[in-house]
There are 2 protein chains.
Amino acid sequence: MKKFVNDPKNYVPEMLQGLALANPDSLRYVPEFNLIMRADAPRQDKVSIVQGSGSGHEPAHAMTVGRGMLDAACPGDVFSAPPADYVYETVKLVASAKGVLLLVNNYTGDRMAFEMAEELSEADGVTVRTLYIDDDVSVQDSTYTVGRRGVAGNFFVMKAVGAAAERGADLDEVHRIGAKVNSVTRTMGMALTACTPPAKGSPLFDLPGDEVEMGVGIHGEPGRRREKLRPADAMVRELVTAVVDDLPYTSGDGVALMVNGLGGTPIGELYLVYGLAHRQLTERGIQIRRSYVGEYCTSLDMAGASITLVRLDDEISDLLAAPAEIPVRFF
Amino acid sequence: MKKFVNDPKNYVPEMLQGLALANPDSLRYVPEFNLIMRADAPRQDKVSIVQGSGSGHEPAHAMTVGRGMLDAACPGDVFSAPPADYVYETVKLVASAKGVLLLVNNYTGDRMAFEMAEELSEADGVTVRTLYIDDDVSVQDSTYTVGRRGVAGNFFVMKAVGAAAERGADLDEVHRIGAKVNSVTRTMGMALTACTPPAKGSPLFDLPGDEVEMGVGIHGEPGRRREKLRPADAMVRELVTAVVDDLPYTSGDGVALMVNGLGGTPIGELYLVYGLAHRQLTERGIQIRRSYVGEYCTSLDMAGASITLVRLDDEISDLLAAPAEIPVRFF
């Protein structure tokens with residue numbers, strides 16, 4: 001394993017310490033509960049938004065805390081759901097008079113932790129609602145999941161509910177918006193290589209040098225099938241077709257198109273993939289109105305990419321265009 | 001080789017096409033000369049800023065074209081300087097009455113191309129100045145370079161001259177600012193793995209599974225030495241020490257600290273590195289005033305990182321804080 005780590009057991013806390021040190025004015029790291037929160041949280045004039053998940057998907061979710069996005073993230077260890085009591089403590093720390101919305105990508109372990117935290121929080125008198133995100137079209141059930149998995153499309157839900165909360169929407173309205181964005185968002189990804197969790201020290205699964213995993217999950221879960229590596233255009237066409245046919249997106253639809261890197265694929269390749277997907281969608285009469293190219297939800301150092309579409313209407317477009325200030329930025 | 005490519009010969013143009021498709025309002029791709037320019041260039045009321053280099057360092061430099069940064073980038077093929085006539089055509093396209101500043105990372109091939117383009121442009125009556133960037137403290141001369149190499153610290157030069165040009169500074173003043181930023185900027189990087197150029201199809205050099213290249217160049221050029229892989233804290237200390245001792249940066253200095261990923265290292269590891277560097281610098285009494293963590297200047301899919309320091313004064317801090325709008329962004 002060739003990584004920047006000290007003791008692999010401390011990978012997540014050392015990463016979060018670095019994140020907080022890089023953002024001293026806007027973020028606060030609470031080591032007792034392994035959480036990152038906005039320095040100005042809780043704000044009683046807005047619904048608080050919380051998401052947790054296993055670590056290893058950065059920038060999701062610790063690096064998406066900030067104005068217009070999350071109020072707090074409670075990451076677990078790498079690819080492990082956060083403990084329920086850490087989620088509960090996170091809710092306590094950001095509890096607002098307007099309530100708390102919990103965002104949960106649909107994995108069984110995460111659901112269990114967040115459901116328990118919701119019960120404990122409500123017993124304390126905090127108003128909490130939970131929204132499950134399940135944008136991955138690849139498979140119905142999976143290694144860690146009943147139903148569909150939540151993957152990179154999650155970013156659009158975070159962005160929309162974050163913007164709505166910032167504008168003062170109440171909890172029901174924020175939840176409605178999140179559910180609506182999730183309902184029009186679809187994603188599929190593929191792996192060129194496996195990833196290596198720091199504590200394991202070796203690749204999580206075996207992928208032969210001439211094969212790819214089509215429909216891979218963000219924890220390396222199997223997708224639809226193994227295939228031979230092919231030219232990018234053919235592989236992108238398979239992803240685009242699966243995503244488009246699922247909702248389905250049809251001629252005349254206006255969409256946001258995201259090409260998300262899984263951690264080990266350079267941004268030059270992601271833009272190449274974007275160009276291919278753009279042309280394939282345009283051939284179908286689908287109109288690309290907003291574009292997102294980069295790393296949004298990764299799987300450690302996995303080489304690979306996912307493609308997400310969101311069907312836009314005026315409300316969603318407006319919320320996606322709202323300002324946000326999160327750590328991942330250039331200048 | 002496991003990459004998203006079609007014909008490897010078309011890797012760069014297909015990437016640039018994707019970039020332009022993702023930014024239809026702000027960027028224009030000119031395939032005849034393999035360049036990316038601002039849609040609103042040339043602006044006669046400001047100095048135009050141009051940088052070129054081999055491709056494979058994205059987001060440098062094609063993805064740093066936009067308001068407050070570059071007016072155009074003329075990338076060559078992967079790790080190859082752009083042809084002199086393409087640089088010349090780029091200057092023609094963005095020539096402004098206030099002149100053109102060419103930024104060149106110090107590599108012999110790039111210098112030759114840009115010097116020839118400068119001569120041709122001046123014969124046409126365009127006022128051109130060139131600034132060479134050489135922030136890499138690792139080695140004096142190198143595989144492709146006489147003198148020091150230009151690496152990720154280049155971003156601070158681009159940002160400062162871009163901001164100054166946007167405010168209407170004249171060519172001499174913009175050049176003065178760029179030279180000043182370069183003079184207080186130092187970088188050193190290290191590779192955990194080699195990188196694989198698409199047209200080569202195999203790793204550019206051999207690096208054993210338990211070794212790192214300390215002081216690596218961004219084209220895989222040898223650095224100071226091969227070493228055994230060690231815990232992150234020890235490797236970061238070697239980078240920080242080399243950078244600090246070079247200028248030197250001393251107790252009481254206010255600095256910008258950049259941790260730059262080389263393409264294959266996930267952002268979680270980069271934040272871990274940032275935290276270690278932050279603590280080591282703080283122990284020395286150096287005050288970190290601005291923080292940059294992410295990918296700024298990469299080497300295709302190389303796993304590794306570099307550390308850059310910039311000694312700040314009020315003028316530089318102000319220019320770095322100015323707004324910029326470039327393609328690499330979140331929302």
# chains A, B, ... in the order shown; residues from 1 in each chain; ligands from 1
>>> closest_atom_pairs(of="range 17-53 of chain B", to="range 76-81 of chain B", cutoff="10 Å", atoms="only C-alpha atoms", output="JSON lines")
{"residue": "B:Phe33", "atom": "CA", "partner": "B:Gly76", "partner_atom": "CA", "distance": 9.5}
{"residue": "B:Asn34", "atom": "CA", "partner": "B:Gly76", "partner_atom": "CA", "distance": 7.5}
{"residue": "B:Leu35", "atom": "CA", "partner": "B:Gly76", "partner_atom": "CA", "distance": 8.9}
{"residue": "B:Gly52", "atom": "CA", "partner": "B:Gly76", "partner_atom": "CA", "distance": 7.3}
{"residue": "B:Ser53", "atom": "CA", "partner": "B:Ala81", "partner_atom": "CA", "distance": 5.3}
>>> write_last_selection(atoms="N, CA, C and O atoms", output="PDB file, in the first residue's frame")
ATOM      1  N   PHE B  33      -5.311  25.173 -33.417  1.00  0.00           N
ATOM      2  CA  PHE B  33      -4.089  25.466 -32.653  1.00  0.00           C
ATOM      3  C   PHE B  33      -4.131  24.850 -31.250  1.00  0.00           C
ATOM      4  O   PHE B  33      -3.340  25.207 -30.397  1.00  0.00           O
ATOM      5  N   ASN B  34      -5.073  23.942 -31.038  1.00  0.00           N
ATOM      6  CA  ASN B  34      -5.135  23.190 -29.775  1.00  0.00           C
ATOM      7  C   ASN B  34      -5.166  24.125 -28.566  1.00  0.00           C
ATOM      8  O   ASN B  34      -4.487  23.882 -27.572  1.00  0.00           O
ATOM      9  N   LEU B  35      -5.946  25.174 -28.641  1.00  0.00           N
ATOM     10  CA  LEU B  35      -5.942  26.142 -27.543  1.00  0.00           C
ATOM     11  C   LEU B  35      -7.335  26.360 -26.971  1.00  0.00           C
ATOM     12  O   LEU B  35      -8.348  26.138 -27.627  1.00  0.00           O
ATOM     13  N   GLY B  52       1.170  28.219 -21.477  1.00  0.00           N
ATOM     14  CA  GLY B  52       1.117  26.925 -22.138  1.00  0.00           C
ATOM     15  C   GLY B  52       2.081  26.001 -21.433  1.00  0.00           C
ATOM     16  O   GLY B  52       2.895  26.431 -20.625  1.00  0.00           O
ATOM     17  N   SER B  53       1.985  24.743 -21.749  1.00  0.00           N
ATOM     18  CA  SER B  53       2.875  23.714 -21.190  1.00  0.00           C
ATOM     19  C   SER B  53       2.445  22.413 -21.834  1.00  0.00           C
ATOM     20  O   SER B  53       1.464  22.370 -22.570  1.00  0.00           O
TER      21      SER B  53
END
>>> residues_around(residues="range 134-149 of chain A", least_positions_apart="4", cutoff="10 Å", atoms="only C-alpha atoms", output="MDAnalysis selection string")
chainID A and resid 104:111 153:154 181:190 214:225 239 242:247 306:310
>>> residues_around(residues="Thr250 in chain B", least_positions_apart="5", cutoff="10 Å", atoms="only C-alpha atoms", output="list in words")
Val244, Asp245, Leu281, Arg284, Gly285, Ile286, Gln287 and Arg311 of chain B
>>> closest_residue(among="B:Pro24, B:Pro266, B:Gly178, B:Pro197", to="Val12 in chain B", atoms="only C-alpha atoms")
B:Pro197
>>> atom_distance(atom1="CA of Arg176 in chain B", atom2="CA of Val161 in chain B")
9.0 Å
>>> select_by_dssp(residues="range 106-293 of chain B", states="strand (DSSP E or B)", output="ChimeraX atom specification")
/B:128-133,136,142,145,185-191,211-214,225-228,254-261,263,287-293
>>> residues_around(residues="Glu295 in chain B", least_positions_apart="6", cutoff="7 Å", atoms="only C-alpha atoms", output="list in words")
Asn260, Gly261, Leu262 and Gly263 of chain B
>>> write_last_selection(atoms="N, CA and C atoms", output="PDB file, in the first residue's frame")
ATOM      1  N   ASN B 260      -0.761  20.031  -2.920  1.00  0.00           N
ATOM      2  CA  ASN B 260      -1.215  19.739  -4.279  1.00  0.00           C
ATOM      3  C   ASN B 260      -1.124  18.246  -4.553  1.00  0.00           C
ATOM      4  N   GLY B 261      -2.195  17.664  -5.044  1.00  0.00           N
ATOM      5  CA  GLY B 261      -2.170  16.254  -5.419  1.00  0.00           C
ATOM      6  C   GLY B 261      -1.660  16.079  -6.837  1.00  0.00           C
ATOM      7  N   LEU B 262      -0.942  14.995  -7.085  1.00  0.00           N
ATOM      8  CA  LEU B 262      -0.327  14.797  -8.403  1.00  0.00           C
ATOM      9  C   LEU B 262      -1.223  14.020  -9.374  1.00  0.00           C
ATOM     10  N   GLY B 263      -2.462  13.735  -8.992  1.00  0.00           N
ATOM     11  CA  GLY B 263      -3.410  13.150  -9.943  1.00  0.00           C
ATOM     12  C   GLY B 263      -4.066  11.875  -9.446  1.00  0.00           C
TER      13      GLY B 263
END
>>> closest_residue(among="A:Phe156, A:Asp233, A:Leu102, A:Ala169", to="Ser317 in chain A", atoms="only C-alpha atoms")
A:Phe156
